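Input: a single structure, listed below in structure tokens.
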Amino acid sequence: MENTQETKDFLKSFGLSEETIALGEKYEKELKPRFEEIDKIAEYNQLKVIKAMQDNRLSDIHFAATTGYGYNDLGRETLEKVYASIFHTEDALVRPQITCGTHALTIALAANLRPGDELFSPVGKPYDTLEGVIGITKQKGSLAEFGITYRQVDLLDDGSFDYENIKKAINDKTKLVTIQRSKGYQTRPTLSVEAIGELIAFIKGIKPEVIVMVDNCYGEFVEKIEPTDVGADLCVGSLIKNPGGGLVASGGYIAGKAEYIENCAFRLTAPGLGKEVGATLGINQSMFQGLFLAPTVVASALKGAIFAARIYEDLGYPVIPNGTEPRYDIIQAVTLGSAEKLIAFCGGIQASSPVDSFVVPEGWAMPGYNSDVIMAAGNFIQGSSIELSADGPITEPYAVYFQGGLTWYHAKLGILTSLDRVLKVS
Ligand SMILES: *Cc1c(COP(=O)(O)O)cnc(C)c1O
């Protein structure tokens, strides 16, 4: 796409050079067919969301606030039905009281495992924050402290499933299988929903009664189907990522089989109280509206990720995923190779943000990391990673992980601003 002269001049006023703007135009033009594919998926998912809202007779009354115990919160109950419709599940738990993705996953695990049970990951190490939850690293209150054991089988070197060892690992105690869809901040590939379906079929062929949970963080609405469409019993995610559409201020969701969702509700609130309580304090409207916007917001984030991948790979930087392969989540990794470039990249993302654009990100000694970590996020909602955001440890190989972009135009501005600064370093 060529920018109009007015847009070009405006981009220049953000400090971008002619060269950077021209480079952006070249790749935007090249990626047009790819962007059209993304838009088609977004349209399909938009229809899915509207249908779910219509089928559940969403109405103005559902935006009212409840307080106190939150009994008879019609908005909350309808929101959970809408999520269940979208994920094609019996039930869902969608709550602002679920503080983050890690919390949602912890609820799903702790609610459905009992002492003596074993948790199994057939896709290698789970997301960092879950190590303490499971007890892979020693942590007070971990599942391990409650007598729940853990086993894992890594992916093979080519990223495929190690079926032989998965079969060997499943035993009498195996109660719940956890599958992480997104690579998160690892270098393994992100799993397609189709691949997850194949893995689930294999596992259920060995032990049909096992509960399969998918960590769906960063995956929602990237494809036309979700893991619950291919046999997952539970699907879990954060509302300050994809399904919140950038509008939800706090929350998480768990969609799945009614029996397991009831266990989750008993764990989140209290045994016997379950889904009946939980005041929504007036945020239902944003939960619905964010979900409504989510398919197009995810499309914007995907366009940004692919745009950056194509530019940086042509400039000779290693990128995961590359600019042409299929996408199953919204995370993009670019190995920049030097601290200066990593800092320049994050500075560009920050400077192009709508909020805190005047702040200069610096590395800091984040707990749990061996090196300084730099983060850029000029967000409306703290820590929201469906908004354009970037971070990376300031150490070899100086890789930046970035994701999000509520609109494609913002993602584009952020990536071009970063690029301009990275190019000036070299
Ligand atoms: C973000 C994420 C989580 C949860 O992280 P929170 O910061 O607690 O929301 C879990 N798994 C994956 C793959 C994630 O991307």
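By convention in this document, the chains of the structure tokens carry letters A, B, ... by their order, each chain's residues are numbered from 1, and ligands are numbered from 1 in the order they are shown.
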| task | Let me have all residues with an atom within 7 Å of ligand 1, counting only C-alpha atoms and all ligand atoms, laid out as an MDAnalysis selection string. | result | chainID A and resid 100:103 127 129 180:184 215:218 238
| task | May I have all residues of stretch 143-254 of chain A that DSSP, computed from the backbone, assigns to alpha helix (DSSP H), given as a PyMOL selection string? | result | chain A and resi 163-169+193-206
| Can you list, as a ChimeraX atom specification, every protein, DNA or RNA residue that comes within 12 Å of A:Gly219 when you count only C-alpha atoms, leaving out same-chain residues fewer than 6 positions away? | /A:180-184,190-193,225-227,235-239,241-243,294-295,298-299,301-302,327-331,386,403-404
| note | Atom pair atom CA of A:Ile306 + atom CA of A:Ala376, distance 19.3 Å
| task | as JSON, numbers by chain, list the residues of stretch 35-260 of chain A assigned to strand (DSSP E) by DSSP on the backbone atoms of this structure. | result | {"A": [91, 92, 93, 94, 95, 118, 119, 120, 121, 149, 150, 151, 152, 174, 175, 176, 177, 178, 179, 180, 211, 212, 213, 214, 215, 234, 235, 236, 237, 238, 252, 253, 254, 255, 256]}
| request: Between A:Lys29, A:Lys275, A:Lys224, A:Lys173, single out the one closest to A:Ala258, counting only C-alpha atoms. | output: A:Lys275
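Excluding A:Glu2 and any residue on its chain fewer than 5 positions from it, the residues at most 12 Å away by only C-alpha atoms are Thr7, Lys8, Ile21, Ala22, Leu23, Gly24, Glu25, Lys26, Tyr27, Glu28, Lys29, Glu30 and Lys32 of chain A.
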Writer output for current selection, N, CA and C atoms, as a PDB file, in the first residue's frame:
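Output below, filename part-v5.pdb:
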ATOM      1  N   THR A   7      -0.225  11.263   4.832  1.00  0.00           N
ATOM      2  CA  THR A   7       0.149  10.252   5.826  1.00  0.00           C
ATOM      3  C   THR A   7       1.665  10.164   5.937  1.00  0.00           C
ATOM      4  N   LYS A   8       2.331  10.247   4.797  1.00  0.00           N
ATOM      5  CA  LYS A   8       3.803  10.216   4.805  1.00  0.00           C
ATOM      6  C   LYS A   8       4.366  11.361   5.640  1.00  0.00           C
ATOM      7  N   ILE A  21       9.988   4.650   5.845  1.00  0.00           N
ATOM      8  CA  ILE A  21       8.608   4.729   5.351  1.00  0.00           C
ATOM      9  C   ILE A  21       8.483   3.949   4.035  1.00  0.00           C
ATOM     10  N   ALA A  22       9.481   4.099   3.172  1.00  0.00           N
ATOM     11  CA  ALA A  22       9.458   3.402   1.879  1.00  0.00           C
ATOM     12  C   ALA A  22       9.546   1.883   2.076  1.00  0.00           C
ATOM     13  N   LEU A  23      10.375   1.471   3.028  1.00  0.00           N
ATOM     14  CA  LEU A  23      10.515   0.037   3.327  1.00  0.00           C
ATOM     15  C   LEU A  23       9.169  -0.520   3.804  1.00  0.00           C
ATOM     16  N   GLY A  24       8.527   0.221   4.672  1.00  0.00           N
ATOM     17  CA  GLY A  24       7.209  -0.179   5.175  1.00  0.00           C
ATOM     18  C   GLY A  24       6.204  -0.333   4.041  1.00  0.00           C
ATOM     19  N   GLU A  25       6.208   0.620   3.123  1.00  0.00           N
ATOM     20  CA  GLU A  25       5.270   0.586   1.986  1.00  0.00           C
ATOM     21  C   GLU A  25       5.487  -0.658   1.139  1.00  0.00           C
ATOM     22  N   LYS A  26       6.760  -0.963   0.912  1.00  0.00           N
ATOM     23  CA  LYS A  26       7.100  -2.120   0.078  1.00  0.00           C
ATOM     24  C   LYS A  26       6.515  -3.408   0.683  1.00  0.00           C
ATOM     25  N   TYR A  27       6.722  -3.590   1.978  1.00  0.00           N
ATOM     26  CA  TYR A  27       6.268  -4.836   2.595  1.00  0.00           C
ATOM     27  C   TYR A  27       4.758  -4.865   2.787  1.00  0.00           C
ATOM     28  N   GLU A  28       4.178  -3.709   3.014  1.00  0.00           N
ATOM     29  CA  GLU A  28       2.722  -3.675   3.163  1.00  0.00           C
ATOM     30  C   GLU A  28       2.068  -4.107   1.843  1.00  0.00           C
ATOM     31  N   LYS A  29       2.655  -3.668   0.753  1.00  0.00           N
ATOM     32  CA  LYS A  29       2.149  -4.025  -0.570  1.00  0.00           C
ATOM     33  C   LYS A  29       2.290  -5.534  -0.794  1.00  0.00           C
ATOM     34  N   GLU A  30       3.486  -6.030  -0.488  1.00  0.00           N
ATOM     35  CA  GLU A  30       3.757  -7.449  -0.685  1.00  0.00           C
ATOM     36  C   GLU A  30       2.818  -8.323   0.148  1.00  0.00           C
ATOM     37  N   LYS A  32      -0.233  -7.837   1.097  1.00  0.00           N
ATOM     38  CA  LYS A  32      -1.680  -7.633   0.907  1.00  0.00           C
ATOM     39  C   LYS A  32      -2.470  -8.949   0.853  1.00  0.00           C
TER      40      LYS A  32
END
| remark: Of A:Val334, A:Ala111, A:Ile86, A:Leu79, the one nearest to A:Ala52 when counting only C-alpha atoms is A:Ile86
| task | Write out as a PyMOL selection string the residues lying within 8 Å of A:Ala399, counting only C-alpha atoms and excluding same-chain residues fewer than 5 positions away. | result | chain A and resi 333-337+342+392-393
Given the selection you just returned, output its residues as a file containing N, CA and C atoms, formatted as an mmCIF file, in the first residue's frame.
data_model
loop_
_atom_site.group_PDB
_atom_site.id
_atom_site.type_symbol
_atom_site.label_atom_id
_atom_site.label_comp_id
_atom_site.auth_asym_id
_atom_site.auth_seq_id
_atom_site.Cartn_x
_atom_site.Cartn_y
_atom_site.Cartn_z
ATOM 1 N N ALA A 333 9.108 -13.241 17.630
ATOM 2 C CA ALA A 333 10.457 -13.091 18.177
ATOM 3 C C ALA A 333 11.403 -12.640 17.067
ATOM 4 N N VAL A 334 12.248 -11.667 17.383
ATOM 5 C CA VAL A 334 13.280 -11.202 16.450
ATOM 6 C C VAL A 334 14.599 -11.183 17.215
ATOM 7 N N THR A 335 15.601 -11.865 16.691
ATOM 8 C CA THR A 335 16.902 -11.849 17.338
ATOM 9 C C THR A 335 17.712 -10.685 16.774
ATOM 10 N N LEU A 336 17.954 -9.703 17.618
ATOM 11 C CA LEU A 336 18.574 -8.461 17.146
ATOM 12 C C LEU A 336 20.096 -8.478 17.260
ATOM 13 N N GLY A 337 20.620 -9.326 18.128
ATOM 14 C CA GLY A 337 22.065 -9.550 18.152
ATOM 15 C C GLY A 337 22.906 -8.583 18.959
ATOM 16 N N LEU A 342 18.460 -4.019 20.783
ATOM 17 C CA LEU A 342 17.309 -4.434 21.603
ATOM 18 C C LEU A 342 16.712 -3.222 22.321
ATOM 19 N N GLY A 392 12.436 -8.187 26.298
ATOM 20 C CA GLY A 392 13.499 -9.151 26.042
ATOM 21 C C GLY A 392 14.581 -9.045 27.092
ATOM 22 N N PRO A 393 15.208 -10.180 27.431
ATOM 23 C CA PRO A 393 16.337 -10.155 28.361
ATOM 24 C C PRO A 393 17.572 -9.565 27.662
#
